[in-house]
file coords_27.txt (compact mmCIF, C-alpha atoms)
# COMPACT_ATOMS: atom_id res chain seq x y z
CA MET A 1 -96.86 130.63 -48.95
CA LYS A 2 -97.98 131.49 -52.45
CA VAL A 3 -95.92 132.65 -55.39
CA TYR A 4 -97.59 133.89 -58.51
CA ILE A 5 -96.97 132.96 -62.13
CA GLN A 6 -96.75 136.26 -63.99
CA GLY A 7 -95.52 135.07 -67.36
CA ILE A 8 -94.54 131.95 -69.25
CA GLY A 9 -92.42 131.47 -72.37
CA ASN A 10 -92.72 128.00 -73.85
CA ILE A 11 -90.90 126.61 -76.88
CA SER A 12 -91.93 123.02 -77.39
CA ILE A 13 -92.94 120.51 -80.02
CA GLN A 14 -96.33 122.27 -80.02
CA ASN A 15 -97.11 125.79 -81.25
CA THR A 16 -96.88 127.12 -77.71
CA PHE A 17 -94.51 130.02 -78.26
CA ARG A 18 -96.18 133.41 -77.78
CA GLN A 19 -99.52 131.68 -77.80
CA THR A 20 -102.38 132.73 -75.55
CA GLY A 21 -104.14 129.68 -74.18
CA PHE A 22 -103.92 126.26 -75.77
CA PRO A 23 -102.93 126.02 -79.44
CA GLU A 24 -104.33 123.39 -81.78
CA PRO A 25 -102.42 120.21 -80.95
CA VAL A 26 -99.80 118.88 -83.34
CA TRP A 27 -99.69 115.06 -83.44
CA TYR A 28 -96.59 113.16 -84.41
CA ASN A 29 -96.06 109.73 -85.93
CA GLU A 30 -92.31 109.66 -85.27
CA SER A 31 -90.89 109.01 -81.81
CA TYR A 32 -88.10 111.54 -82.34
CA VAL A 33 -89.38 115.10 -82.57
CA ARG A 34 -87.68 118.49 -82.38
CA CYS A 35 -89.15 121.77 -81.16
CA ILE A 36 -91.10 124.18 -83.33
CA ASP A 37 -88.57 127.00 -83.17
CA PRO A 38 -89.33 130.69 -83.55
CA ASP A 39 -87.15 133.04 -85.59
CA PHE A 40 -84.35 133.58 -83.08
CA THR A 41 -83.09 136.71 -84.84
CA ASN A 42 -86.03 138.53 -83.22
CA TYR A 43 -84.50 137.84 -79.81
CA ILE A 44 -80.75 137.41 -80.25
CA SER A 45 -78.34 139.38 -82.43
CA PRO A 46 -76.38 137.34 -85.04
CA ASN A 47 -73.10 138.15 -83.28
CA GLU A 48 -74.42 136.81 -79.98
CA ALA A 49 -76.15 133.84 -81.59
CA ARG A 50 -73.09 132.51 -83.38
CA ARG A 51 -71.74 130.79 -80.26
CA MET A 52 -75.10 129.57 -79.00
CA SER A 53 -76.48 126.11 -79.47
CA LYS A 54 -80.20 125.57 -79.94
CA VAL A 55 -80.90 125.02 -76.26
CA ILE A 56 -79.36 128.39 -75.36
CA LYS A 57 -81.23 130.22 -78.10
CA ARG A 58 -84.48 128.64 -76.98
CA ALA A 59 -83.78 129.46 -73.34
CA ILE A 60 -83.11 133.12 -74.12
CA ALA A 61 -86.09 133.46 -76.46
CA SER A 62 -88.44 131.85 -73.94
CA ALA A 63 -86.96 133.92 -71.08
CA LYS A 64 -87.39 137.19 -72.98
CA THR A 65 -90.96 136.31 -73.94
CA CYS A 66 -91.73 135.39 -70.38
CA ILE A 67 -90.31 138.66 -69.07
CA ALA A 68 -92.19 140.67 -71.70
CA GLU A 69 -95.44 139.04 -70.62
CA SER A 70 -94.86 139.65 -66.94
CA SER A 71 -94.68 142.97 -65.13
CA VAL A 72 -91.21 142.14 -63.82
CA GLU A 73 -88.44 144.07 -65.55
CA MET A 74 -85.47 142.35 -63.94
CA PRO A 75 -85.81 139.15 -61.92
CA ASP A 76 -84.13 138.87 -58.51
CA ALA A 77 -82.96 135.40 -59.49
CA VAL A 78 -82.36 133.34 -62.61
CA ILE A 79 -82.64 129.64 -61.79
CA SER A 80 -82.59 126.90 -64.39
CA GLY A 81 -83.01 123.18 -64.43
CA THR A 82 -81.59 120.98 -67.16
CA GLY A 83 -81.03 117.28 -67.42
CA LEU A 84 -78.46 117.48 -70.17
CA GLY A 85 -77.35 121.09 -70.43
CA CYS A 86 -75.85 121.92 -73.79
CA ILE A 87 -75.51 118.30 -74.85
CA GLU A 88 -75.18 119.25 -78.53
CA ASP A 89 -72.00 121.25 -77.86
CA THR A 90 -70.75 118.61 -75.45
CA GLU A 91 -71.08 116.05 -78.23
CA LYS A 92 -69.27 118.33 -80.68
CA PHE A 93 -66.44 118.84 -78.21
CA LEU A 94 -66.09 115.14 -77.42
CA SER A 95 -66.40 114.09 -81.07
CA ALA A 96 -63.68 116.55 -82.07
CA MET A 97 -61.52 115.21 -79.24
CA ILE A 98 -61.86 111.68 -80.62
CA ASP A 99 -61.54 112.66 -84.30
CA ASN A 100 -58.43 114.80 -83.73
CA ASP A 101 -56.66 112.48 -81.31
CA GLU A 102 -57.24 114.85 -78.37
CA LYS A 103 -55.66 117.77 -80.20
CA PHE A 104 -57.06 121.03 -81.61
CA LEU A 105 -59.83 121.35 -79.02
CA GLN A 106 -62.12 124.26 -79.79
CA PRO A 107 -62.66 126.61 -76.82
CA THR A 108 -66.19 127.61 -77.83
CA PHE A 109 -67.57 124.07 -77.64
CA PHE A 110 -65.76 123.54 -74.35
CA ILE A 111 -67.23 126.69 -72.81
CA GLN A 112 -70.69 125.88 -74.12
CA SER A 113 -70.60 122.27 -73.01
CA THR A 114 -70.88 123.16 -69.33
CA HIS A 115 -74.37 122.82 -67.91
CA ASN A 116 -74.46 126.08 -66.01
CA THR A 117 -73.91 128.07 -69.15
CA ILE A 118 -77.71 128.17 -69.59
CA SER A 119 -78.55 130.32 -66.57
CA SER A 120 -75.37 132.31 -67.11
CA GLN A 121 -76.15 133.16 -70.71
CA ILE A 122 -79.72 134.13 -69.88
CA ALA A 123 -78.35 136.45 -67.18
CA ILE A 124 -75.70 137.91 -69.47
CA ASN A 125 -78.30 138.53 -72.15
CA LEU A 126 -80.65 140.19 -69.66
CA LYS A 127 -77.75 141.99 -67.96
CA CYS A 128 -78.99 140.49 -64.71
CA ASN A 129 -76.39 140.40 -61.92
CA ASN A 130 -78.68 138.80 -59.36
CA HIS A 131 -78.76 135.28 -57.94
CA ASN A 132 -77.91 132.72 -60.64
CA ASN A 133 -78.00 128.97 -60.44
CA THR A 134 -78.49 125.89 -62.61
CA PHE A 135 -79.68 122.53 -61.32
CA VAL A 136 -78.68 119.36 -63.09
CA GLN A 137 -80.68 116.67 -61.33
CA GLY A 138 -81.90 114.34 -64.05
CA GLY A 139 -85.68 114.06 -64.19
CA ILE A 140 -86.28 116.54 -61.35
CA SER A 141 -83.99 119.32 -62.57
CA PHE A 142 -86.85 121.74 -63.24
CA GLU A 143 -88.45 120.94 -59.88
CA CYS A 144 -85.16 121.59 -58.09
CA ALA A 145 -84.96 125.01 -59.72
CA LEU A 146 -88.54 125.71 -58.70
CA PHE A 147 -87.85 124.48 -55.19
CA GLU A 148 -84.86 126.75 -54.78
CA ALA A 149 -86.95 129.70 -55.90
CA PHE A 150 -89.50 128.75 -53.24
CA ILE A 151 -86.83 128.68 -50.54
CA LEU A 152 -85.60 132.12 -51.59
CA PHE A 153 -89.15 133.50 -51.59
CA ALA A 154 -89.80 131.95 -48.17
CA ASP A 155 -86.62 133.50 -46.78
CA ASN A 156 -87.72 136.84 -48.21
CA LYS A 157 -84.51 137.08 -50.21
CA ILE A 158 -86.26 137.62 -53.53
CA LYS A 159 -89.50 139.09 -54.81
CA SER A 160 -89.25 137.63 -58.31
CA ALA A 161 -87.52 134.72 -60.01
CA LEU A 162 -87.11 133.57 -63.57
CA VAL A 163 -87.26 129.78 -63.35
CA GLY A 164 -86.74 127.58 -66.38
CA GLY A 165 -86.49 124.02 -67.59
CA TYR A 166 -84.37 123.54 -70.71
CA ASP A 167 -83.42 120.40 -72.58
CA GLU A 168 -82.61 119.35 -76.10
CA MET A 169 -82.72 115.85 -77.55
CA THR A 170 -79.88 115.21 -79.95
CA PRO A 171 -80.01 112.28 -82.40
CA SER A 172 -77.18 110.47 -80.63
CA TYR A 173 -78.72 110.86 -77.19
CA PHE A 174 -82.04 109.68 -78.60
CA ARG A 175 -80.26 106.54 -79.87
CA ILE A 176 -78.63 105.92 -76.48
CA LEU A 177 -81.97 106.18 -74.69
CA ASN A 178 -83.50 103.95 -77.34
CA ARG A 179 -80.98 101.25 -76.50
CA ILE A 180 -82.15 101.21 -72.88
CA GLY A 181 -85.77 100.97 -73.98
CA LEU A 182 -87.12 104.44 -73.23
CA TRP A 183 -88.82 104.80 -76.61
CA LYS A 184 -91.53 102.65 -78.10
CA LYS A 185 -90.40 99.96 -80.52
CA LYS A 186 -93.57 100.43 -82.54
CA PHE A 187 -94.86 103.95 -82.13
CA GLU A 188 -98.43 104.48 -83.21
CA GLY A 189 -98.48 108.23 -82.95
CA SER A 190 -98.67 110.77 -80.13
CA GLY A 191 -102.41 111.09 -80.68
CA ASN A 192 -102.88 107.41 -79.79
CA LEU A 193 -100.61 107.32 -76.77
CA SER A 194 -103.40 107.03 -74.21
CA ASN A 195 -104.45 103.64 -75.60
CA SER A 196 -100.95 102.25 -75.47
CA THR A 197 -100.30 99.00 -73.62
CA THR A 198 -96.61 98.66 -74.46
CA PRO A 199 -93.41 99.87 -72.80
CA GLY A 200 -91.71 103.05 -73.96
CA THR A 201 -92.89 106.48 -74.97
CA PHE A 202 -91.79 109.14 -77.47
CA ALA A 203 -89.07 111.72 -77.11
CA GLY A 204 -89.56 115.42 -76.77
CA GLU A 205 -87.57 118.48 -75.88
CA GLY A 206 -88.46 121.94 -74.73
CA SER A 207 -87.70 125.25 -73.16
CA VAL A 208 -90.05 126.70 -70.56
CA SER A 209 -89.35 129.92 -68.68
CA VAL A 210 -91.64 131.00 -65.87
CA MET A 211 -91.69 134.34 -64.10
CA LEU A 212 -92.59 133.94 -60.45
CA SER A 213 -93.45 136.86 -58.23
CA SER A 214 -94.45 137.41 -54.63
CA ALA A 215 -97.19 139.75 -55.85
CA LYS A 216 -100.13 139.07 -58.10
CA ASN A 217 -101.72 141.30 -60.69
CA GLU A 218 -104.25 141.12 -63.50
CA LYS A 219 -101.83 139.11 -65.66
CA THR A 220 -101.30 136.35 -63.12
CA TYR A 221 -101.90 132.84 -64.43
CA ALA A 222 -102.14 131.06 -61.10
CA ALA A 223 -100.47 130.71 -57.73
CA ILE A 224 -98.09 127.94 -56.80
CA GLU A 225 -98.64 126.98 -53.18
CA ALA A 226 -96.13 124.21 -52.70
CA VAL A 227 -93.49 122.09 -54.38
CA GLU A 228 -92.24 118.77 -53.09
CA ILE A 229 -89.63 116.39 -54.42
CA LEU A 230 -89.53 112.75 -53.34
CA TYR A 231 -87.04 110.01 -54.04
CA GLN A 232 -88.53 106.54 -54.38
CA PRO A 233 -91.32 107.10 -51.84
CA GLU A 234 -92.38 103.93 -50.03
CA ASN A 235 -96.03 104.83 -50.29
CA ILE A 236 -96.76 107.56 -52.80
CA VAL A 237 -100.44 107.78 -51.86
CA GLU A 238 -99.54 108.50 -48.24
CA SER A 239 -96.90 110.98 -49.38
CA ILE A 240 -99.46 112.89 -51.45
CA GLU A 241 -101.94 112.89 -48.54
CA THR A 242 -99.26 114.27 -46.22
CA PHE A 243 -98.30 116.88 -48.82
CA LEU A 244 -101.90 118.03 -49.19
CA SER A 245 -102.49 118.02 -45.45
CA ARG A 246 -99.36 120.10 -44.86
CA ASN A 247 -100.81 122.64 -47.25
CA SER A 248 -104.25 122.61 -45.58
CA LYS A 249 -105.85 120.71 -48.43
CA LYS A 250 -107.79 117.48 -48.66
CA THR A 251 -108.16 115.18 -51.61
CA GLU A 252 -111.66 116.53 -52.23
CA ASP A 253 -110.29 120.07 -52.54
CA ILE A 254 -108.40 119.14 -55.72
CA ASP A 255 -110.37 119.91 -58.88
CA LEU A 256 -107.91 118.58 -61.42
CA VAL A 257 -105.00 116.16 -61.22
CA VAL A 258 -102.46 116.67 -64.01
CA MET A 259 -100.36 113.56 -64.39
CA GLY A 260 -97.03 112.89 -66.04
CA MET A 261 -98.35 109.79 -67.82
CA ASN A 262 -96.52 109.15 -71.05
CA GLY A 263 -98.05 106.03 -72.57
CA ASP A 264 -95.36 103.71 -71.18
CA VAL A 265 -97.02 100.92 -69.18
CA LYS A 266 -94.07 100.82 -66.78
CA ASN A 267 -94.28 104.58 -66.22
CA ASP A 268 -98.06 104.90 -66.01
CA ALA A 269 -98.85 102.10 -63.54
CA ILE A 270 -98.16 104.25 -60.48
CA TYR A 271 -100.42 107.03 -61.76
CA LYS A 272 -103.25 104.53 -62.15
CA THR A 273 -102.73 103.43 -58.55
CA ILE A 274 -102.77 107.05 -57.34
CA SER A 275 -105.84 107.76 -59.40
CA ALA A 276 -107.75 104.70 -58.15
CA ASP A 277 -106.74 105.12 -54.50
CA MET A 278 -107.08 108.87 -54.15
CA PHE A 279 -108.65 110.79 -56.97
CA GLY A 280 -111.19 108.43 -58.54
CA ALA A 281 -113.93 111.06 -58.63
CA LYS A 282 -111.69 113.89 -59.82
CA ALA A 283 -110.90 115.22 -63.27
CA HIS A 284 -107.59 113.95 -64.67
CA ALA A 285 -105.45 115.35 -67.45
CA TRP A 286 -102.03 114.71 -68.94
CA TYR A 287 -99.58 116.61 -71.09
CA LYS A 288 -96.83 114.28 -72.26
CA ASN A 289 -98.89 113.30 -75.31
CA LEU A 290 -98.23 116.95 -76.25
CA SER A 291 -94.69 117.49 -74.96
CA GLY A 292 -93.02 114.11 -75.33
CA GLU A 293 -90.76 112.81 -72.58
CA TYR A 294 -87.59 114.57 -71.52
CA PHE A 295 -85.85 115.44 -68.27
CA THR A 296 -87.51 118.80 -67.72
CA SER A 297 -90.94 118.06 -69.20
CA THR A 298 -92.52 119.09 -65.89
CA GLY A 299 -91.94 122.64 -67.10
CA PHE A 300 -94.40 121.92 -69.89
CA GLY A 301 -96.71 120.42 -67.24
CA LEU A 302 -96.53 123.68 -65.30
CA TRP A 303 -97.42 125.63 -68.45
CA PHE A 304 -100.34 123.24 -69.02
CA ALA A 305 -101.68 123.43 -65.44
CA ALA A 306 -101.30 127.23 -65.28
CA ASN A 307 -103.20 127.63 -68.56
CA CYS A 308 -106.00 125.32 -67.40
CA ILE A 309 -106.44 127.56 -64.34
CA LYS A 310 -106.11 130.84 -66.21
CA HIS A 311 -108.45 129.93 -69.06
CA LYS A 312 -110.76 127.82 -66.88
CA TYR A 313 -110.89 124.74 -69.05
CA VAL A 314 -109.14 121.49 -69.78
CA PRO A 315 -108.68 120.79 -73.49
CA SER A 316 -110.46 117.59 -74.51
CA TYR A 317 -107.34 116.08 -76.10
CA ALA A 318 -105.59 116.26 -72.71
CA ALA A 319 -108.44 115.01 -70.53
CA LEU A 320 -108.00 111.49 -69.17
CA ASN A 321 -111.57 111.12 -67.94
CA SER A 322 -114.88 112.88 -68.30
CA HIS A 323 -115.17 114.20 -64.75
CA ASN A 324 -115.91 117.87 -64.41
CA ALA A 325 -112.97 119.98 -63.28
CA GLY A 326 -115.34 122.39 -61.54
CA LYS A 327 -114.00 125.87 -60.93
CA LEU A 328 -110.40 124.74 -61.34
CA GLN A 329 -109.57 126.32 -58.00
CA ASN A 330 -106.94 123.77 -56.96
CA VAL A 331 -104.79 121.75 -59.34
CA LEU A 332 -102.21 119.13 -58.44
CA LEU A 333 -99.39 118.34 -60.87
CA LEU A 334 -97.82 114.93 -60.34
CA ASN A 335 -94.76 113.72 -62.13
CA HIS A 336 -92.14 111.06 -61.83
CA TYR A 337 -89.12 110.14 -63.89
CA GLN A 338 -88.33 106.45 -64.26
CA ASN A 339 -90.26 105.64 -61.06
CA LYS A 340 -87.47 107.13 -58.94
CA ASN A 341 -87.81 110.88 -58.72
CA PHE A 342 -91.31 112.12 -57.93
CA SER A 343 -92.55 115.67 -57.74
CA LEU A 344 -95.75 117.28 -56.48
CA ILE A 345 -96.72 120.84 -57.37
CA LEU A 346 -99.86 122.42 -55.94
CA PHE A 347 -101.49 125.27 -57.87
CA SER A 348 -104.47 127.42 -57.04
CA ALA A 349 -106.49 130.04 -58.85
CA CYS A 350 -105.98 133.63 -57.71
CA MET B 1 -52.14 133.89 -102.40
CA ASP B 2 -55.69 134.67 -103.60
CA GLU B 3 -56.59 131.02 -103.21
CA LEU B 4 -55.25 130.95 -99.65
CA ILE B 5 -57.11 134.17 -98.78
CA LEU B 6 -60.40 132.73 -99.99
CA GLU B 7 -59.79 129.45 -98.15
CA LEU B 8 -58.90 131.36 -94.99
CA LYS B 9 -62.03 133.49 -95.14
CA GLN B 10 -64.19 130.40 -95.64
CA GLU B 11 -62.53 128.66 -92.69
CA ILE B 12 -62.91 131.71 -90.44
CA ILE B 13 -66.61 131.98 -91.31
CA LYS B 14 -67.10 128.27 -90.63
CA VAL B 15 -65.07 127.98 -87.42
CA LEU B 16 -66.37 131.20 -85.87
CA ASN B 17 -69.92 130.57 -87.16
CA LEU B 18 -70.18 134.09 -88.60
CA GLN B 19 -73.83 133.94 -89.55
CA GLY B 20 -74.80 135.84 -92.67
CA VAL B 21 -71.17 136.74 -93.52
CA LYS B 22 -69.81 135.81 -96.98
CA PRO B 23 -66.10 135.72 -97.94
CA GLU B 24 -66.56 138.83 -100.10
CA ASP B 25 -67.91 140.73 -97.07
CA ILE B 26 -64.53 140.49 -95.34
CA ASP B 27 -62.16 143.27 -96.32
CA ASN B 28 -58.63 141.90 -96.79
CA ASP B 29 -57.08 144.90 -95.04
CA ALA B 30 -59.66 145.52 -92.32
CA PRO B 31 -58.79 144.51 -88.75
CA LEU B 32 -60.29 141.18 -87.71
CA PHE B 33 -60.62 142.31 -84.09
CA GLY B 34 -62.24 145.44 -82.76
CA ASP B 35 -63.74 147.58 -85.51
CA GLY B 36 -63.52 145.16 -88.45
CA LEU B 37 -65.15 141.77 -87.98
CA GLY B 38 -65.55 142.51 -84.28
CA LEU B 39 -63.90 139.30 -83.11
CA ASP B 40 -62.95 138.80 -79.45
CA SER B 41 -60.50 136.85 -77.30
CA ILE B 42 -62.33 133.53 -77.62
CA ASP B 43 -62.20 133.93 -81.39
CA ALA B 44 -58.46 134.47 -81.09
CA LEU B 45 -58.18 131.10 -79.36
CA GLU B 46 -60.26 129.53 -82.13
CA LEU B 47 -57.93 131.02 -84.75
CA ILE B 48 -54.88 129.67 -82.91
CA VAL B 49 -56.48 126.19 -83.03
CA LEU B 50 -57.26 126.72 -86.73
CA LEU B 51 -53.63 127.66 -87.45
CA GLU B 52 -52.32 124.48 -85.86
CA LYS B 53 -54.99 122.15 -87.20
CA ASN B 54 -55.06 123.32 -90.81
CA TYR B 55 -51.56 124.61 -91.38
CA GLY B 56 -49.40 122.90 -88.75
CA ILE B 57 -48.37 126.24 -87.23
CA LYS B 58 -48.14 126.13 -83.44
CA LEU B 59 -48.10 129.58 -81.85
CA GLU B 60 -45.77 129.32 -78.85
CA ASP B 61 -46.67 132.85 -77.78
CA PRO B 62 -50.46 133.41 -77.93
CA GLY B 63 -49.77 137.16 -77.48
CA LYS B 64 -48.34 137.14 -80.97
CA GLY B 65 -51.83 136.44 -82.27
CA ARG B 66 -52.81 140.08 -82.11
CA GLU B 67 -50.11 140.89 -84.64
CA ILE B 68 -50.73 137.87 -86.90
CA PHE B 69 -54.49 138.33 -86.89
CA GLY B 70 -54.18 142.01 -87.82
CA SER B 71 -56.05 141.50 -91.10
CA ILE B 72 -56.75 138.76 -93.63
CA ASN B 73 -53.76 139.86 -95.71
CA ILE B 74 -51.37 139.76 -92.72
CA PHE B 75 -52.84 136.43 -91.58
CA ALA B 76 -52.50 134.84 -95.05
CA LYS B 77 -48.94 136.14 -95.44
CA TYR B 78 -47.93 134.66 -92.07
CA ILE B 79 -49.46 131.30 -93.02
CA SER B 80 -47.78 131.17 -96.45
CA GLU B 81 -44.40 131.89 -94.84
CA ASN B 82 -44.72 129.47 -91.91
CA ARG B 83 -47.06 126.67 -92.94
CA LYS B 84 -45.93 123.10 -92.38
CA LYS B 85 -48.81 121.48 -94.22
call {"tool": "encode", "arguments": {"input": "coords_27.txt", "output": "structure tokens"}}
result
Amino acid sequence: MKVYIQGIGNISIQNTFRQTGFPEPVWYNESYVRCIDPDFTNYISPNEARRMSKVIKRAIASAKTCIAESSVEMPDAVISGTGLGCIEDTEKFLSAMIDNDEKFLQPTFFIQSTHNTISSQIAINLKCNNHNNTFVQGGISFECALFEAFILFADNKIKSALVGGYDEMTPSYFRILNRIGLWKKKFEGSGNLSNSTTPGTFAGEGSVSVMLSSAKNEKTYAAIEAVEILYQPENIVESIETFLSRNSKKTEDIDLVVMGMNGDVKNDAIYKTISADMFGAKAHAWYKNLSGEYFTSTGFGLWFAANCIKHKYVPSYAALNSHNAGKLQNVLLLNHYQNKNFSLILFSAC
Amino acid sequence: MDELILELKQEIIKVLNLQGVKPEDIDNDAPLFGDGLGLDSIDALELIVLLEKNYGIKLEDPGKGREIFGSINIFAKYISENRKK
């Protein structure tokens, strides 16, 4: 089965919003980075925006941009993935609870602190009464949303789906993750991440909305042929071979492997094994030097892979080797989060 | 009373995150809900919390809010007559 990417809205730490193709990369020297936000008043009225945290505003702006780019007026489903939901409002609610001795709890922060408010608010804003769901599955939240869309397409229940991955990185959550060693102690800049030999990476955040459709047209970026989610696979190389075989592909059919490497030696080791054992002669690229690491960064990876296929090139700053990516007919996106949750997404050119 | 009215307007703007609204934009006699500021039921809950937190007034009957929150003048008068802090 193939589903087609008809539009993408991407707010990230790069200038990706409403950008055709790859923008000039922005490199960072700090390990805590926030998104480059658009002017939200172009997408959300002040009265609506006053109760929305950043992650909701970004989700709606990226969703509207995605819809505008696609030929789909109203999706048959709105499915989101988020690792943290509206963590900023959750923190406000909990902080107020502590500060005020569990009294005077503000309803707005309570309502906004629930994870599923993201898909709901997108749907309310779009006036979309169709299927609505939010997945909160840590580092595979976006993939779960994508997977559900696939199931619905396969069952012929939908012809289009707005799928998104939305996460924000608040200062306090950044500090918590720093304590458990997720970020580099000495960060030498996102532009130098590929040379890193130390543990840890740098933090990112982002909002990616993708319009999927059962039909293709002249605007189509690429097709997604399959999505697979694995939990601590015993042998990842075998799992990838099985995945490709199930989708009538061989290793040699893959023109480009996009990897979720992030400059953390503990994270990247498995990718090096996969590369050496399976794809040694193939072109490799990565995207987390551009997006930073966060729960739903695979959404950025999807944007990256789809743009490589659509524009028929791999930007040099994202290439991991000098092998030719050929016609970019088949692209495999590999990601894992903390060596536990793995995902495989197979793309093809239309 | 003027001081309380200004303080109340500033608090309402802050608590309800009324973007782009200044205290002088809020008419003292205009309704806060519906046509005036266009507040809704969630805002009413926020104002009930504000009453208790800032002025020690606990509304036993939330339905009474519609009357109390009729306008800034009515709201300020109710606070000045019932405040405990």
call {"tool": "residues_near_point", "arguments": {"input": "coords_27.txt", "point": "(-97.0, 104.0, -82.1)", "cutoff": "12 Å", "atoms": "only C-alpha atoms", "output": "ChimeraX atom specification"}}
result
/A:27-32,183-202,263-264,289
call {"tool": "residues_near_point", "arguments": {"input": "coords_27.txt", "point": "(-93.7, 138.2, -55.8)", "cutoff": "9 Å", "atoms": "all atoms listed in the file", "output": "list in words"}}
result
Lys2, Val3, Tyr4, Ile5, Gln6, Phe153, Ile158, Lys159, Ser160, Ala161, Leu212, Ser213, Ser214, Ala215 and Lys216 of chain A
call {"tool": "residues_around", "arguments": {"input": "coords_27.txt", "residues": "A:Tyr271", "least_positions_apart": "6", "cutoff": "12 Å", "atoms": "only C-alpha atoms", "output": "ChimeraX atom specification"}}
result
/A:236-237,240,257-265,277-280,284-286,320,333-337,339,342
call {"tool": "closest_residue", "arguments": {"input": "coords_27.txt", "among": "B:Asp43, B:Arg83, B:Leu32, B:Ala76", "to": "B:Glu7", "atoms": "only C-alpha atoms"}}
result
B:Ala76
call {"tool": "atom_distance", "arguments": {"input": "coords_27.txt", "atom1": "atom CA of B:Glu11", "atom2": "atom CA of B:Ala44"}}
result
13.6 Å
call {"tool": "atom_distance", "arguments": {"input": "coords_27.txt", "atom1": "atom CA of B:Ile57", "atom2": "atom CA of B:Ile13"}}
result
19.6 Å
call {"tool": "closest_residue", "arguments": {"input": "coords_27.txt", "among": "B:Lys84, B:Asp40, B:Gly70, B:Leu8", "to": "B:Lys58", "atoms": "all atoms listed in the file"}}
result
B:Lys84
call {"tool": "residues_around", "arguments": {"input": "coords_27.txt", "residues": "A:Cys144", "least_positions_apart": "6", "cutoff": "12 Å", "atoms": "only C-alpha atoms", "output": "list of chain:residue names"}}
result
A:Ile79, A:Ser80, A:Gly81, A:Thr82, A:Gly83, A:Asn133, A:Thr134, A:Phe135, A:Val136, A:Gln137, A:Gly138, A:Phe150, A:Ile151, A:Val163, A:Gly164, A:Gly165, A:Val227, A:Glu228, A:Ile229, A:Leu230, A:Phe295, A:Thr296, A:Thr298, A:Gly299, A:Asn341, A:Phe342, A:Ser343, A:Leu344, A:Ile345
call {"tool": "interface_residues", "arguments": {"input": "coords_27.txt", "of": "chain A", "to": "chain B", "cutoff": "8 Å", "atoms": "all atoms listed in the file", "output": "list in words"}}
result
Pro46, Asn47, Arg50, Arg51, Phe104, Leu105, Gln106, Pro107 and Thr108 of chain A
call {"tool": "atom_distance", "arguments": {"input": "coords_27.txt", "atom1": "atom CA of A:Gly7", "atom2": "atom CA of A:Asn116"}}
result
22.9 Å
call {"tool": "closest_residue", "arguments": {"input": "coords_27.txt", "among": "A:Cys350, A:Ile270, A:Ala49, A:Ala325", "to": "A:Asn217", "atoms": "all atoms listed in the file"}}
result
A:Cys350
call {"tool": "axis_aligned_box", "arguments": {"input": "coords_27.txt", "around": "stretch 106-112 of chain A", "padding_each_side": "6 Å", "output": "JSON"}}
result
{"center_x": -66.4, "center_y": 125.6, "center_z": -76.3, "size_x": 20.6, "size_y": 16.1, "size_z": 19.0}
call {"tool": "closest_residue", "arguments": {"input": "coords_27.txt", "among": "A:Glu88, A:Ala77, A:Lys340, A:Gln19", "to": "A:Pro233", "atoms": "all atoms listed in the file"}}
result
A:Lys340
